[in-house]
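Each remark here refers to the structure printed beneath this line.
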Amino acid sequence: MSFLTKMKDQILIADGAIGTLLYSYGKDSCLEELNLSHSSQIENIHRAYIHAGADLIQTNTYAANYLKLQRYGLEDSVKEINSAAVRIAKQAAKDSDTYILGTIGGNRGIKPQAISLEEIKRSFREQLYCLLLEGVDGILLETFYDLEELKTVLAIAKKETNIPIIAQVSAHEIGYLQNRIPIVEAFKELEQIGADVVGLNCRLGPHHMIASLKDVPLLKNAYLSAYPNASLPSYNDGVFEYKDNAEYFRQSAVEFRSQGVRLLGGCCGTTPEHIKNFAESLHGCKPIAEKTIAAKQKDKITVAKKQTRDKEPLEHIAKERPSVIVELDPPRKLDTKRFFEGAQKLKETGIDAITLADNSLASPRICNSALGSMTKNQIGIRPLIHIACRDRNMIGLQSHLMGLHTLGLNDILAITGDPARVGDFPGASSVYDMTSLDLISMIKQLNEGLSLSGKDLGEKTNFSVAAAFNPNVRQVDKAVKRLEKKIEAGADYFITQPVYSAEKIIELYEATKHIEAPIYIGLMPLTSSNNAEFLHNEVPGIKIADSIRNTMAQYKDNPVQAAQEGIKITKSLIDVASQYFNGIYLITPFLRYELSVELALYTHEITAPLRRITT
């Protein structure tokens, strides 16, 4: 008899966490590999849940797919690991009527664009076939934060098998998935695709999960499930710990039943004791057949008046006329006198913005948002704040952006950032929770009044987002494809790495003339032969032509003449760039702002009569 048949008249109990127990045993590597190396431990966990009263147990295969196993060099062991997992579960359940669910977890998490749907489809099919070949009683799709991913794999599963499928999403807050998708709507969509059971798992404990289900009606063609976490975790001595609150689950079970749940299990932090209390509390209880949902006004994002900008966005300016922006690095030391002198002089030239790098080359400098705010308020010039993914996790990045919004700093350059090992503290960690693509997407979501997790921010941000573009590569067409991906993520315009070749500028124009987003061509004057050699040989993303390096080498012992030659070279590149692009991005070396002042004035002089080439 299928467990779906039983669910017509019964509330079934599922098992709880496997990973939590394995962590408690000191296992912290690839938990799915333990199906091969420590099968007896996995079997004992299954037996403990069956003994606690579980009617269904899930295989230890949550992350047993190609995409996740490749992190451990186990991508060629997908079949072996999944097959072993089903056999272990069957061995544990052989003397009982327990059903076996083949578990497949979500991949995308909170960063949907991190993995393409095509990659997900290939990986999912491989794991699904392995589980089906071993003869599981059902498929459990769990911990899907991204609804698009879950709908995609559910459709594949429905096409490939007739066994029951449970589809569970994970919510960030009561009643909503990320991107502010109501749980009610998500369940209906999953039901329409063909899920036999739909529900929630992970992220939320019983209190918030029950609250999320209160607005969910009983469905016509699917049953409801719930797998809550034990509690919010704490972190002690390098270990995640959950409250010992199994008795609390006994009390929660009755409320889950009243919300229409017919399949009740546990997720992170739960143990056989939690499941035992679920089973004992609901023993002999019939599922409810009717449920009344109180009328509720449709929730709307409570957005205050959007913050007005005091200056036109740079992407608009660069579409209408020639535009000059200048990078002025925050100082490495606490003396800011020369920085503000430079900002004042550059303002007097009439540039459109000063850009401030975010600890460039992974070396600590004065916080660019602090200097940006002071530059805006004291000098009266627009700051363009760089944000690197290297130094902050997702929490820190969102908090930083909220702070920039509060300060009225609306112009952002989103970059991945140089790895920590290249800087002053090579032992420091590079966070890289997000890529620049992820960051661009998140900023655009903040512009809709939604946090990264989909929560209502109460106000829309008003960021204009620039993205980095490196044309100093052999195959510019590949770089342009990445540029196009950044446009899809929401980039408004682009700023290039320094270019030292007129031919490269023309090549770049030909490769990007189909793109409407403005491009600022990066130009940085060379100050010496040593400077040229260092940039060319040691700094990622910069290539300098041999002819220019040879020219600079002629003035190796004459620093004044070398700097003049650097200015001359840059002016010749401005002559070319201004014929093809409206945006010029001057990078100030070593806070020598007088060089940028001269180049900015020169750019204004030659671009006054020019208009961007459009044919």
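Quick note on naming: the chains in the structure tokens go A, B, ... in the order shown, residues restart at 1 in each chain, and ligands are numbered from 1 in order of appearance.
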With 8 Å as the cut-off and only C-alpha atoms counted, what is the closest atom pair between each nearby residue of stretch 56-166 of chain A and stretch 4-24 of chain A? Distances in Å to one decimal, ordered by chain and number, as CSV.
```
residue,atom,partner,partner_atom,distance
A:Leu56,CA,A:Ala14,CA,4.7
A:Ile57,CA,A:Asp15,CA,5.2
A:Gln58,CA,A:Asp15,CA,7.1
A:Asn60,CA,A:Ile18,CA,7.1
A:Pro164,CA,A:Leu4,CA,7.2
```
Need to verify the contact set: A:Gly583, 10 Å, only C-alpha atoms, exclusion of same-chain residues closer than 4 positions in sequence. Can you return it as a VMD selection string? chain A and resid 314 to 315 317 to 319 321 to 325 493 to 495 518 to 522 577 to 578 612
Using DSSP on the backbone coordinates, identify all residues within stretch 11-153 of chain A classified as helix (DSSP H, G or I); present the result as a PyMOL selection string. chain A and resi 19-24+31-37+39-52+66-72+75-93+112-114+117-133+147-153
Could you make a table, as a Markdown table, of the residues of stretch 110-218 of chain A that have an atom within 8 Å of an atom of stretch 270-294 of chain A, each with its nearest atom pair and distance in Å to one decimal, counting only C-alpha atoms, in chain and number order?
```
| residue | atom | partner | partner_atom | distance |
| --- | --- | --- | --- | --- |
| A:Lys214 | CA | A:Ile293 | CA | 7.2 |
| A:Asp215 | CA | A:Ile293 | CA | 5.9 |
| A:Val216 | CA | A:Ile293 | CA | 7.4 |
| A:Pro217 | CA | A:Ile293 | CA | 6.5 |
| A:Leu218 | CA | A:Lys291 | CA | 6.6 |
```
What does the file look like for those residues with N, CA, C and O atoms, as a PDB file, in the first residue's frame?
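What ended up in out_0.pdb:
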```
ATOM      1  N   LYS A 214      -0.885  28.879   8.830  1.00  0.00           N
ATOM      2  CA  LYS A 214      -2.232  29.310   9.214  1.00  0.00           C
ATOM      3  C   LYS A 214      -3.028  29.897   8.055  1.00  0.00           C
ATOM      4  O   LYS A 214      -4.253  29.848   8.051  1.00  0.00           O
ATOM      5  N   ASP A 215      -2.341  30.450   7.080  1.00  0.00           N
ATOM      6  CA  ASP A 215      -3.034  31.027   5.925  1.00  0.00           C
ATOM      7  C   ASP A 215      -3.105  30.059   4.748  1.00  0.00           C
ATOM      8  O   ASP A 215      -3.535  30.434   3.654  1.00  0.00           O
ATOM      9  N   VAL A 216      -2.670  28.815   4.969  1.00  0.00           N
ATOM     10  CA  VAL A 216      -2.651  27.822   3.888  1.00  0.00           C
ATOM     11  C   VAL A 216      -3.892  26.941   3.989  1.00  0.00           C
ATOM     12  O   VAL A 216      -4.082  26.235   4.979  1.00  0.00           O
ATOM     13  N   PRO A 217      -4.746  26.946   2.970  1.00  0.00           N
ATOM     14  CA  PRO A 217      -5.935  26.081   3.001  1.00  0.00           C
ATOM     15  C   PRO A 217      -5.561  24.637   2.688  1.00  0.00           C
ATOM     16  O   PRO A 217      -4.463  24.351   2.203  1.00  0.00           O
ATOM     17  N   LEU A 218      -6.473  23.712   2.988  1.00  0.00           N
ATOM     18  CA  LEU A 218      -6.281  22.331   2.554  1.00  0.00           C
ATOM     19  C   LEU A 218      -6.356  22.294   1.029  1.00  0.00           C
ATOM     20  O   LEU A 218      -7.207  22.943   0.421  1.00  0.00           O
TER      21      LEU A 218
END
```
Compile the contact shell of A:Ala489 as a VMD selection string: residues with an atom at most 8 Å away, counting only C-alpha atoms, same-chain residues fewer than 6 positions apart removed. chain A and resid 437 to 438 440 to 441
So which bits of stretch 423-594 of chain A end up strand (DSSP E) when you DSSP the backbone, as a list in words? Ser464, Val465, Ala466, Ala467, Ala468, Phe469, Tyr493, Phe494, Ile495, Thr496, Gln497, Pro498, Ile519, Tyr520, Ile521, Gly522, Leu523, Gly583, Ile584, Tyr585, Leu586 and Ile587 of chain A
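For the atom pair formed by atom CA of A:Asn377 and atom CA of A:His316, the distance is 22.8 Å, given to one decimal.
Proximity of A:Ser258, A:Thr143, A:Thr496, A:Ser225 to A:Ala466, computed with only C-alpha atoms, is greatest for A:Thr496.
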Find the spatial neighbours of A:Ser212, counting only C-alpha atoms, within a cut-off of 8 Å - ignore same-chain residues fewer than 6 positions away - and output them as an mmCIF file with C-alpha atoms, in the first residue's frame.
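And here is the file that came out, around_26.cif:
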```cif
data_model
loop_
_atom_site.group_PDB
_atom_site.id
_atom_site.type_symbol
_atom_site.label_atom_id
_atom_site.label_comp_id
_atom_site.auth_asym_id
_atom_site.auth_seq_id
_atom_site.Cartn_x
_atom_site.Cartn_y
_atom_site.Cartn_z
ATOM 1 C CA ILE A 174 6.470 33.764 8.203
ATOM 2 C CA GLY A 175 4.372 33.154 5.116
ATOM 3 C CA TYR A 176 6.941 34.040 2.446
ATOM 4 C CA ILE A 183 3.832 30.255 0.576
#
```
Find the spatial neighbours of A:Ile88, counting only C-alpha atoms, within a cut-off of 9 Å - ignore same-chain residues fewer than 5 positions away - and output them as a count of residues only. 9
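Straight-line separation from atom CA of A:Asn558 to atom CA of A:Thr527: 10.6 Å.
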Tell me which of A:Ile567, A:Ile156, A:Gly265, A:Ser399 sits closest to A:Arg122, counting only C-alpha atoms. A:Ile156
Applying 10 Å and only C-alpha atoms, which residues near A:Arg180 remain after dropping the ones on its own chain fewer than 2 positions away? List them as a ChimeraX atom specification. /A:171-173,175-178,182-183,300-301,450-451,453-456
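If only C-alpha atoms are the atoms counted, then among A:Gln445, A:Asn359, A:Gln168, A:Ser123 the closest residue to A:Leu457 is A:Gln445.
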